[in-house]
Amino acid sequence: MAHYLIVGTGVTGVTAINILRTLERSSEITIVGDDSHGFYSRPGIAYFLNGEIPDKQLPIFSKKDWKMLNIRYVKGVATHLDPRKHQLEISSGGTLKYDRLLIATGSTAVPLTIPGAGLKGVVKLDDYEDTRHILSLARHAKSAVVVGGGIIAVELVEGLMARGLKVHYFLRGDRYWPNVLDEKESHLLEHRLAEEGVILHYQTEAAEVLGKCGKVVGIRTTKGETILCQMVAVGIGVKPRMELAKGAGLATDRGILTDETLQTSSPDIFAAGDVSQVHDPQSGRSIIDTLWHPALDKGKIAAANMTGQRSTYTRSVATNVLRLAGVMTTIIGAVGSGVDKDLVSVARGSSETWHELPNTISLESSGDINHVRLMIGEKALVGALVMGEQKLSQPLQEIISSKMDITPIRHLLQAGAPLGQIIMDFWSNNKIPEGIS
Amino acid sequence: MGIQISLRREFQRREVLVTGHVVPKRTRCVQCGICSFNCPIGIDVRRHAWLGEPIEASQCLTCGECVRRCPRGVLSFEKTDLFKQGVEWPTI
């Protein structure tokens with residue numbers, strides 16, 4: 001009887017144990033995790049932070065679900081992996097043997113490295129425990145400074161505002177998320193944040209966190225300006241948690257390198273989720289995504305392959321649906337290029353492929369906060385961004401992911417054209433039939 | 001003309017409410033649980049999204065609370081075939 005060992009209790013690890021249990025009813029399955037709260041919605045912590053849901057809403061599985069899975073759960077940090085002996089050491093002192101192992105350790109926030117970054121009151125938003133920590137500090141804080149970019153920085157801004165703090169948001173450049181959003185989109189979101197009372201500081205970089213008795217009392221910028229605050233919230237990107245893989249001598253780059261079956265450089269070890277950098281046979285490159293659904297898909301594929309199947313992970317067009325500054329926004333495929341100075345690595349909830357825009361024409365149509373931008377390639381759409389009304393997001397996701405030939409409508413896609421109607425008509429005539437009518 | 005279009009849309013909306021279900025788009029869901037938390041009668045809407053299944057519970061009021069509250073546009077009202085399949089009167 002095979003023994004499968006999973007390291008990580010996030011969506012990738014838990015999806016993997018579900019699939020393993022479905023495929024093999026009697027195998028021994030062990031999951032090791034260092035998050036004391038087990039499996040919960042990681043993206044959901046932003047809504048716990050802003051008060052939309054209580055923390056009891058975060059766990060996804062009930063006790064009954066866990067019982068039905070019939071697995072062994074080991075709480076602890078996986079400290080050392082020996083691929084030759086097929087064993088894993090745990091911080092509690094135990095050693096676990098395995099036949100096949102999956103590393104699904106996810107990613108962790110990149111810490112701030114400026115002087116004062118270790119003071120009490122410098123916070124990140126990685127997990128449930130971080131959220132509780134922020135909430136406990138927020139009860140006694142009057143103002144906060146948020147540094148960073150992408151989704152997490154804005155979630156921190158909105159969460160702290162919702163908790164009654166005066167919030168300053170530092171942007172190193174002229175606008176928010178410049179390698180994903182265009183100028184108009186950035187300014188729309190900035191404007192909405194400002195309307196909510198957020199104080200935006202452009203071309204502003206933190207130089208030092210100021211402290212007293214070990215606690216944050218302010219922040220000094222590189223221009224020499226000082227802002228008094230009791231909290232500095234950081235969202236400058238995430239990095240894969242690959243210490244275990246490195247210690248075991250597995251091949252790594254920005255993440256743990258895997259082939260398209262999610263196998264690492266060691267035959268019985270697989271890696272999936274945020275920690276993995278997966279080879280894409282189409283582009284010949286290895287790519288990192290920090291998105292929920294690809295993480296779930298990779299968990300499925302890795303699990304199937306651990307049982308001896310040979311499924312390959314087919315990269316889907318990277319898509320995420322976000323609520324930024326109260327505006328529902330769907331990002332599909334390649335929509336931007338360049339670098340974002342507010343991020344030192346990939347942002348959580350994003351994909352490296354979002355800012356790898358090939359030669360395209362950009363066309364947009366806007367009205368109030370409803371906005372759509374299409375990135376038009378020679379024969380197909382390569383990306384799209386939909387803000388506000390979301391009627392177009394599903395059709396666009398299908399058109400882009402299936403690389404539909406847009407030749408019949410390409411000549412219609414011009415400035416001032418009714419983009420929404422053109423896309424809806426095209427999709428209605430070409431859509432993939434669904435199971436549900 | 002405008003009024004006719006508005007009336008037709010309203011009719012279609014009501015028809016969907018009566019003959020349809022709340023349907024999740026699984027690939028958009030991140031299991032945050034806002035839907036389940038806001039359901040006035042306690043349906044675990046999130047579990048349906050995890051499984052990718054429409055809310056078939058007969059208690060569902062189609063009140064739209066979950067649809068409106070979802071921050072990621074996962075849920076929508078859609079006409080389904082479930083009633084056609086499910087309603088079969090017993091013969092005596």
# chains A, B, ... in the order shown; residues from 1 in each chain; ligands from 1

$ closest_atom_pairs --of "chain A" --to "chain B" --cutoff "10 Å" --atoms "only C-alpha atoms" --output "tab-separated table"
residue	atom	partner	partner_atom	distance
A:Val11	CA	B:Val30	CA	9.4
A:Tyr40	CA	B:Gln31	CA	8.3
A:Ser41	CA	B:Cys32	CA	5.4
A:Arg42	CA	B:Cys32	CA	7.8
A:Pro43	CA	B:Val30	CA	6.4
A:Gly44	CA	B:Cys32	CA	4.1
A:Ile45	CA	B:Cys32	CA	7.7
A:Ala46	CA	B:Cys32	CA	9.0
A:Tyr47	CA	B:Cys32	CA	7.6
A:Phe48	CA	B:Cys32	CA	9.1
A:Glu52	CA	B:Ile34	CA	7.3
A:Ile53	CA	B:Ile34	CA	6.3
A:Pro54	CA	B:Phe37	CA	8.6
A:Lys56	CA	B:Phe37	CA	9.8
A:Gln57	CA	B:Gly33	CA	6.0
A:Leu58	CA	B:Cys32	CA	6.5
A:Pro59	CA	B:Gly33	CA	8.7
A:Ile60	CA	B:Gln31	CA	7.1
A:Phe61	CA	B:Arg47	CA	9.0
A:Leu291	CA	B:Val30	CA	9.4
A:Trp292	CA	B:Val30	CA	6.4
A:His293	CA	B:Thr27	CA	6.2
A:Pro294	CA	B:Thr27	CA	9.2
A:Leu296	CA	B:Thr27	CA	9.7
A:Thr319	CA	B:Arg28	CA	8.4
A:Asn320	CA	B:Arg28	CA	7.1
A:Val321	CA	B:Arg72	CA	5.3
A:Leu322	CA	B:Arg72	CA	5.9
A:Arg323	CA	B:Pro71	CA	6.0
A:Leu324	CA	B:Pro71	CA	9.6
A:Gly326	CA	B:Pro71	CA	8.8
A:Val327	CA	B:Pro71	CA	9.2
A:Met328	CA	B:Arg72	CA	6.8
A:Thr329	CA	B:Arg72	CA	8.2
A:Thr330	CA	B:Arg72	CA	8.4
A:Glu389	CA	B:Gly73	CA	9.7
A:Gln390	CA	B:Gly73	CA	7.4
A:Lys391	CA	B:Gly73	CA	9.6
A:Ser393	CA	B:Gly73	CA	9.6
A:Gln394	CA	B:Lys25	CA	9.3
A:Gly435	CA	B:Thr80	CA	9.5
A:Ile436	CA	B:Thr80	CA	6.0
A:Ser437	CA	B:Thr80	CA	5.9

$ residues_around --residues "Thr62 in chain B" --least-positions-apart "6" --cutoff "9 Å" --atoms "only C-alpha atoms" --output "compact mmCIF listing (two decimals) with N, CA and C atoms, in the first residue's frame"
# COMPACT_ATOMS: atom_id res chain seq x y z
N LEU B 17 -35.96 34.07 -12.15
CA LEU B 17 -36.11 33.92 -10.70
C LEU B 17 -37.01 32.75 -10.36
N VAL B 18 -38.03 32.55 -11.17
CA VAL B 18 -39.00 31.50 -10.88
C VAL B 18 -38.51 30.14 -11.37
N GLY B 20 -35.31 29.40 -12.48
CA GLY B 20 -33.86 29.20 -12.48
C GLY B 20 -33.30 29.00 -11.09
N HIS B 21 -32.00 28.94 -11.04
CA HIS B 21 -31.27 28.71 -9.80
C HIS B 21 -30.10 29.67 -9.73
N VAL B 22 -29.52 29.74 -8.52
CA VAL B 22 -28.24 30.43 -8.39
C VAL B 22 -27.18 29.44 -8.86
N PHE B 77 -27.95 34.27 -11.45
CA PHE B 77 -29.22 33.56 -11.65
C PHE B 77 -29.22 33.05 -13.07

$ select_by_dssp --residues "range 176-277 of chain A" --states "strand (DSSP E or B)" --output "MDAnalysis selection string"
chainID A and resid 199:201 206:212 215:221 226:228 231:235 238:240 252 256:258 263 269:271 276:277

$ write_last_selection --atoms "C-alpha atoms" --output "compact mmCIF listing (two decimals), in the first residue's frame"
# COMPACT_ATOMS: atom_id res chain seq x y z
CA ILE A 199 -4.13 59.77 1.46
CA LEU A 200 -2.08 58.79 -1.57
CA HIS A 201 1.59 59.78 -1.72
CA ALA A 206 9.89 54.60 2.73
CA ALA A 207 13.43 55.10 4.04
CA GLU A 208 13.08 54.17 7.69
CA VAL A 209 10.41 53.03 10.10
CA LEU A 210 10.67 55.12 13.25
CA GLY A 211 10.16 53.50 16.63
CA LYS A 212 9.93 54.11 20.32
CA LYS A 215 6.95 50.03 18.57
CA VAL A 216 6.24 51.91 15.34
CA VAL A 217 5.67 55.63 15.85
CA GLY A 218 6.19 56.88 12.31
CA ILE A 219 7.89 56.51 8.98
CA ARG A 220 10.49 58.64 7.26
CA THR A 221 10.49 58.91 3.48
CA THR A 226 8.07 62.17 8.42
CA ILE A 227 4.56 60.76 8.83
CA LEU A 228 3.35 59.74 12.25
CA MET A 231 1.37 50.71 11.87
CA VAL A 232 3.28 50.07 8.64
CA ALA A 233 1.57 47.49 6.44
CA VAL A 234 3.67 45.87 3.74
CA GLY A 235 2.54 44.23 0.48
CA VAL A 238 5.59 37.15 -2.33
CA LYS A 239 8.31 34.55 -2.71
CA PRO A 240 7.88 30.79 -2.97
CA THR A 252 15.08 25.57 -8.12
CA ILE A 256 10.80 24.79 -7.46
CA LEU A 257 11.35 23.73 -11.06
CA THR A 258 9.00 21.06 -12.35
CA GLN A 263 7.51 16.29 -11.07
CA ILE A 269 8.85 14.32 -5.41
CA PHE A 270 6.25 16.64 -6.95
CA ALA A 271 5.70 20.36 -6.43
CA SER A 276 6.21 25.63 -8.19
CA GLN A 277 7.71 27.08 -11.34

$ residues_around --residues "Val339 in chain A" --least-positions-apart "5" --cutoff "12 Å" --atoms "only C-alpha atoms" --output "list in words"
Gly149, Gly150, Arg172, Gly173, Tyr176, Trp177, Pro178, Asn179, Val180, Leu181, Val344, Ser345, Val346, Ala347, Glu352, Trp354, His355 and Glu356 of chain A

$ write_last_selection --atoms "N, CA and C atoms" --output "compact mmCIF listing (two decimals), in the first residue's frame"
# COMPACT_ATOMS: atom_id res chain seq x y z
N GLY A 149 2.36 47.18 -3.71
CA GLY A 149 1.51 47.29 -4.89
C GLY A 149 0.67 46.04 -5.06
N GLY A 150 0.02 45.92 -6.21
CA GLY A 150 -0.80 44.75 -6.50
C GLY A 150 -2.02 44.68 -5.60
N ARG A 172 5.65 54.36 -5.19
CA ARG A 172 6.98 54.81 -5.62
C ARG A 172 6.94 55.60 -6.93
N GLY A 173 6.00 55.23 -7.79
CA GLY A 173 5.90 55.89 -9.10
C GLY A 173 4.74 56.86 -9.16
N TYR A 176 -0.76 53.53 -9.62
CA TYR A 176 -0.93 52.21 -9.02
C TYR A 176 -0.86 51.09 -10.07
N TRP A 177 -0.10 50.05 -9.79
CA TRP A 177 0.00 48.79 -10.56
C TRP A 177 0.24 49.05 -12.05
N PRO A 178 1.30 49.76 -12.38
CA PRO A 178 1.48 50.21 -13.78
C PRO A 178 1.79 49.10 -14.78
N ASN A 179 2.21 47.91 -14.31
CA ASN A 179 2.48 46.87 -15.31
C ASN A 179 1.29 45.94 -15.57
N VAL A 180 0.16 46.25 -14.97
CA VAL A 180 -1.07 45.50 -15.25
C VAL A 180 -2.18 46.45 -15.73
N LEU A 181 -2.33 47.58 -15.06
CA LEU A 181 -3.39 48.53 -15.42
C LEU A 181 -2.83 49.61 -16.35
N VAL A 344 8.65 43.94 -5.31
CA VAL A 344 9.99 43.41 -5.54
C VAL A 344 9.93 41.99 -6.12
N SER A 345 8.75 41.40 -6.12
CA SER A 345 8.57 40.07 -6.72
C SER A 345 7.11 39.95 -7.14
N VAL A 346 6.72 38.77 -7.59
CA VAL A 346 5.35 38.57 -8.06
C VAL A 346 4.35 38.87 -6.93
N ALA A 347 3.25 39.53 -7.28
CA ALA A 347 2.23 39.84 -6.28
C ALA A 347 1.35 38.64 -6.04
N GLU A 352 2.81 35.90 -13.60
CA GLU A 352 3.90 36.54 -14.35
C GLU A 352 3.48 36.82 -15.78
N TRP A 354 0.76 38.06 -16.87
CA TRP A 354 -0.07 39.25 -17.05
C TRP A 354 0.71 40.41 -17.67
N HIS A 355 2.02 40.47 -17.35
CA HIS A 355 2.79 41.61 -17.86
C HIS A 355 3.82 41.21 -18.90
N GLU A 356 3.41 40.24 -19.73
CA GLU A 356 4.30 39.80 -20.82
C GLU A 356 3.56 40.01 -22.14

$ atom_distance --atom1 "CA of Tyr313 in chain A" --atom2 "CA of Leu396 in chain A"
22.3 Å

$ closest_residue --among "A:Lys142, A:Lys298, A:Pro83, A:Gly214" --to "Gly118 in chain A" --atoms "only C-alpha atoms"
A:Gly214

$ atom_distance --atom1 "CA of Met375 in chain A" --atom2 "CA of Asp289 in chain A"
20.4 Å

$ residues_around --residues "range 416-430 of chain A" --least-positions-apart "2" --cutoff "10 Å" --atoms "only C-alpha atoms" --output "list in words"
Leu363, Glu364, Ser365, Ser366, His371, Val372, Arg373, Leu374, Lys391, Leu392, Gln394, Pro395, Leu396, Glu398, Ile399, Met404, Asp405, Ile406, Pro408, Ile409, Arg410, Leu412, Leu413, Gln414, Ile432 and Pro433 of chain A

$ write_last_selection --atoms "C-alpha atoms" --output "PDB file, in the first residue's frame"
ATOM      1  CA  LEU A 363      -8.659  49.241 -27.485  1.00  0.00           C
ATOM      2  CA  GLU A 364     -10.922  50.370 -24.709  1.00  0.00           C
ATOM      3  CA  SER A 365     -14.419  51.502 -24.058  1.00  0.00           C
ATOM      4  CA  SER A 366     -15.506  53.282 -20.899  1.00  0.00           C
ATOM      5  CA  HIS A 371     -14.736  49.832 -18.507  1.00  0.00           C
ATOM      6  CA  VAL A 372     -13.364  47.205 -20.860  1.00  0.00           C
ATOM      7  CA  ARG A 373      -9.913  47.029 -22.427  1.00  0.00           C
ATOM      8  CA  LEU A 374      -9.031  44.488 -25.112  1.00  0.00           C
ATOM      9  CA  LYS A 391     -21.267  40.739 -18.318  1.00  0.00           C
ATOM     10  CA  LEU A 392     -18.339  40.599 -20.735  1.00  0.00           C
ATOM     11  CA  GLN A 394     -17.011  35.300 -19.006  1.00  0.00           C
ATOM     12  CA  PRO A 395     -17.303  35.628 -22.823  1.00  0.00           C
ATOM     13  CA  LEU A 396     -13.884  37.275 -22.967  1.00  0.00           C
ATOM     14  CA  GLU A 398     -13.643  31.917 -23.220  1.00  0.00           C
ATOM     15  CA  ILE A 399     -12.613  33.846 -26.330  1.00  0.00           C
ATOM     16  CA  MET A 404     -10.824  32.005 -30.940  1.00  0.00           C
ATOM     17  CA  ASP A 405     -10.036  33.369 -34.388  1.00  0.00           C
ATOM     18  CA  ILE A 406     -11.350  36.924 -34.312  1.00  0.00           C
ATOM     19  CA  PRO A 408     -14.482  38.029 -38.700  1.00  0.00           C
ATOM     20  CA  ILE A 409     -14.743  40.907 -36.206  1.00  0.00           C
ATOM     21  CA  ARG A 410     -11.235  42.315 -36.193  1.00  0.00           C
ATOM     22  CA  LEU A 412     -14.979  46.146 -36.323  1.00  0.00           C
ATOM     23  CA  LEU A 413     -12.737  46.546 -33.290  1.00  0.00           C
ATOM     24  CA  GLN A 414     -11.972  50.208 -33.650  1.00  0.00           C
ATOM     25  CA  ILE A 432     -18.574  26.536 -26.328  1.00  0.00           C
ATOM     26  CA  PRO A 433     -21.840  24.801 -25.379  1.00  0.00           C
TER      27      PRO A 433
END

$ select_by_dssp --residues "range 353-402 of chain A" --states "helix (DSSP H, G or I)" --output "PyMOL selection string"
chain A and resi 353-355+393-401

$ residues_around --residues "Gly148 in chain A" --least-positions-apart "2" --cutoff "7 Å" --atoms "only C-alpha atoms" --output "short mmCIF file (atom, residue, chain, number, x, y, z; two decimals) with C-alpha atoms, in the first residue's frame"
data_model
loop_
_atom_site.label_atom_id
_atom_site.label_comp_id
_atom_site.auth_asym_id
_atom_site.auth_seq_id
_atom_site.Cartn_x
_atom_site.Cartn_y
_atom_site.Cartn_z
CA VAL A 146 0.75 51.04 3.51
CA ALA A 153 -1.50 46.49 -0.79
CA VAL A 234 3.67 45.87 3.74
CA GLY A 235 2.54 44.23 0.48
CA ILE A 236 5.60 44.27 -1.77
CA ASP A 342 6.11 48.96 -5.76
CA LEU A 343 6.69 45.21 -5.99
#

$ atom_distance --atom1 "CA of Val335 in chain A" --atom2 "CA of Phe170 in chain A"
23.8 Å

$ decode --residues "range 204-305 of chain A" --atoms "C-alpha atoms" --output "short mmCIF file (atom, residue, chain, number, x, y, z; two decimals), in the first residue's frame"
data_model
loop_
_atom_site.label_atom_id
_atom_site.label_comp_id
_atom_site.auth_asym_id
_atom_site.auth_seq_id
_atom_site.Cartn_x
_atom_site.Cartn_y
_atom_site.Cartn_z
CA THR A 204 7.22 58.34 -2.29
CA GLU A 205 9.50 55.68 -0.87
CA ALA A 206 9.89 54.60 2.73
CA ALA A 207 13.43 55.10 4.04
CA GLU A 208 13.08 54.17 7.69
CA VAL A 209 10.41 53.03 10.10
CA LEU A 210 10.67 55.12 13.25
CA GLY A 211 10.16 53.50 16.63
CA LYS A 212 9.93 54.11 20.32
CA CYS A 213 10.21 51.35 22.93
CA GLY A 214 10.22 48.80 20.11
CA LYS A 215 6.95 50.03 18.57
CA VAL A 216 6.24 51.91 15.34
CA VAL A 217 5.67 55.63 15.85
CA GLY A 218 6.19 56.88 12.31
CA ILE A 219 7.89 56.51 8.98
CA ARG A 220 10.49 58.64 7.26
CA THR A 221 10.49 58.91 3.48
CA THR A 222 13.52 59.18 1.19
CA LYS A 223 12.57 62.83 0.66
CA GLY A 224 13.02 63.39 4.41
CA GLU A 225 9.33 63.77 5.22
CA THR A 226 8.07 62.17 8.42
CA ILE A 227 4.56 60.76 8.83
CA LEU A 228 3.35 59.74 12.25
CA CYS A 229 1.68 56.33 12.34
CA GLN A 230 1.37 53.32 14.62
CA MET A 231 1.37 50.71 11.87
CA VAL A 232 3.28 50.07 8.64
CA ALA A 233 1.57 47.49 6.44
CA VAL A 234 3.67 45.87 3.74
CA GLY A 235 2.54 44.23 0.48
CA ILE A 236 5.60 44.27 -1.77
CA GLY A 237 5.19 40.79 -3.25
CA VAL A 238 5.59 37.15 -2.33
CA LYS A 239 8.31 34.55 -2.71
CA PRO A 240 7.88 30.79 -2.97
CA ARG A 241 8.63 28.88 0.24
CA MET A 242 11.26 26.57 -1.19
CA GLU A 243 13.72 26.14 1.68
CA LEU A 244 12.75 22.48 2.02
CA ALA A 245 13.39 21.84 -1.68
CA LYS A 246 16.71 23.69 -1.65
CA GLY A 247 17.86 21.75 1.41
CA ALA A 248 17.02 18.51 -0.40
CA GLY A 249 19.04 19.53 -3.45
CA LEU A 250 16.06 19.84 -5.81
CA ALA A 251 16.41 22.07 -8.85
CA THR A 252 15.08 25.57 -8.12
CA ASP A 253 15.00 28.92 -9.82
CA ARG A 254 12.44 31.54 -8.76
CA GLY A 255 10.36 28.57 -7.55
CA ILE A 256 10.80 24.79 -7.46
CA LEU A 257 11.35 23.73 -11.06
CA THR A 258 9.00 21.06 -12.35
CA ASP A 259 8.18 19.52 -15.69
CA GLU A 260 4.62 19.67 -17.04
CA THR A 261 3.67 16.62 -14.96
CA LEU A 262 4.69 18.67 -11.89
CA GLN A 263 7.51 16.29 -11.07
CA THR A 264 10.60 17.94 -9.61
CA SER A 265 14.20 16.98 -10.40
CA SER A 266 13.73 14.05 -7.99
CA PRO A 267 11.48 11.29 -9.40
CA ASP A 268 9.22 10.69 -6.39
CA ILE A 269 8.85 14.32 -5.41
CA PHE A 270 6.25 16.64 -6.95
CA ALA A 271 5.70 20.36 -6.43
CA ALA A 272 2.55 22.36 -7.11
CA GLY A 273 0.86 25.65 -6.30
CA ASP A 274 2.59 28.98 -5.61
CA VAL A 275 5.88 27.26 -4.78
CA SER A 276 6.21 25.63 -8.19
CA GLN A 277 7.71 27.08 -11.34
CA VAL A 278 6.21 24.92 -14.02
CA HIS A 279 7.68 24.23 -17.45
CA ASP A 280 5.37 25.37 -20.23
CA PRO A 281 6.06 23.33 -23.39
CA GLN A 282 4.32 25.92 -25.56
CA SER A 283 6.55 28.85 -24.63
CA GLY A 284 9.54 26.78 -23.49
CA ARG A 285 9.65 28.81 -20.28
CA SER A 286 9.00 28.04 -16.63
CA ILE A 287 6.34 30.24 -15.06
CA ILE A 288 5.05 31.09 -11.59
CA ASP A 289 1.38 31.84 -10.88
CA THR A 290 0.06 32.80 -7.46
CA LEU A 291 -3.58 32.33 -8.37
CA TRP A 292 -6.16 30.23 -6.54
CA HIS A 293 -7.54 28.23 -9.45
CA PRO A 294 -4.24 27.23 -11.11
CA ALA A 295 -3.10 26.19 -7.60
CA LEU A 296 -6.16 23.95 -7.34
CA ASP A 297 -5.63 22.52 -10.85
CA LYS A 298 -1.99 21.76 -10.12
CA GLY A 299 -3.01 19.94 -6.92
CA LYS A 300 -5.26 17.69 -9.03
CA ILE A 301 -2.62 16.93 -11.65
CA ALA A 302 0.15 16.32 -9.11
CA ALA A 303 -2.06 13.92 -7.14
CA ALA A 304 -3.03 11.94 -10.23
CA ASN A 305 0.62 11.64 -11.24
#
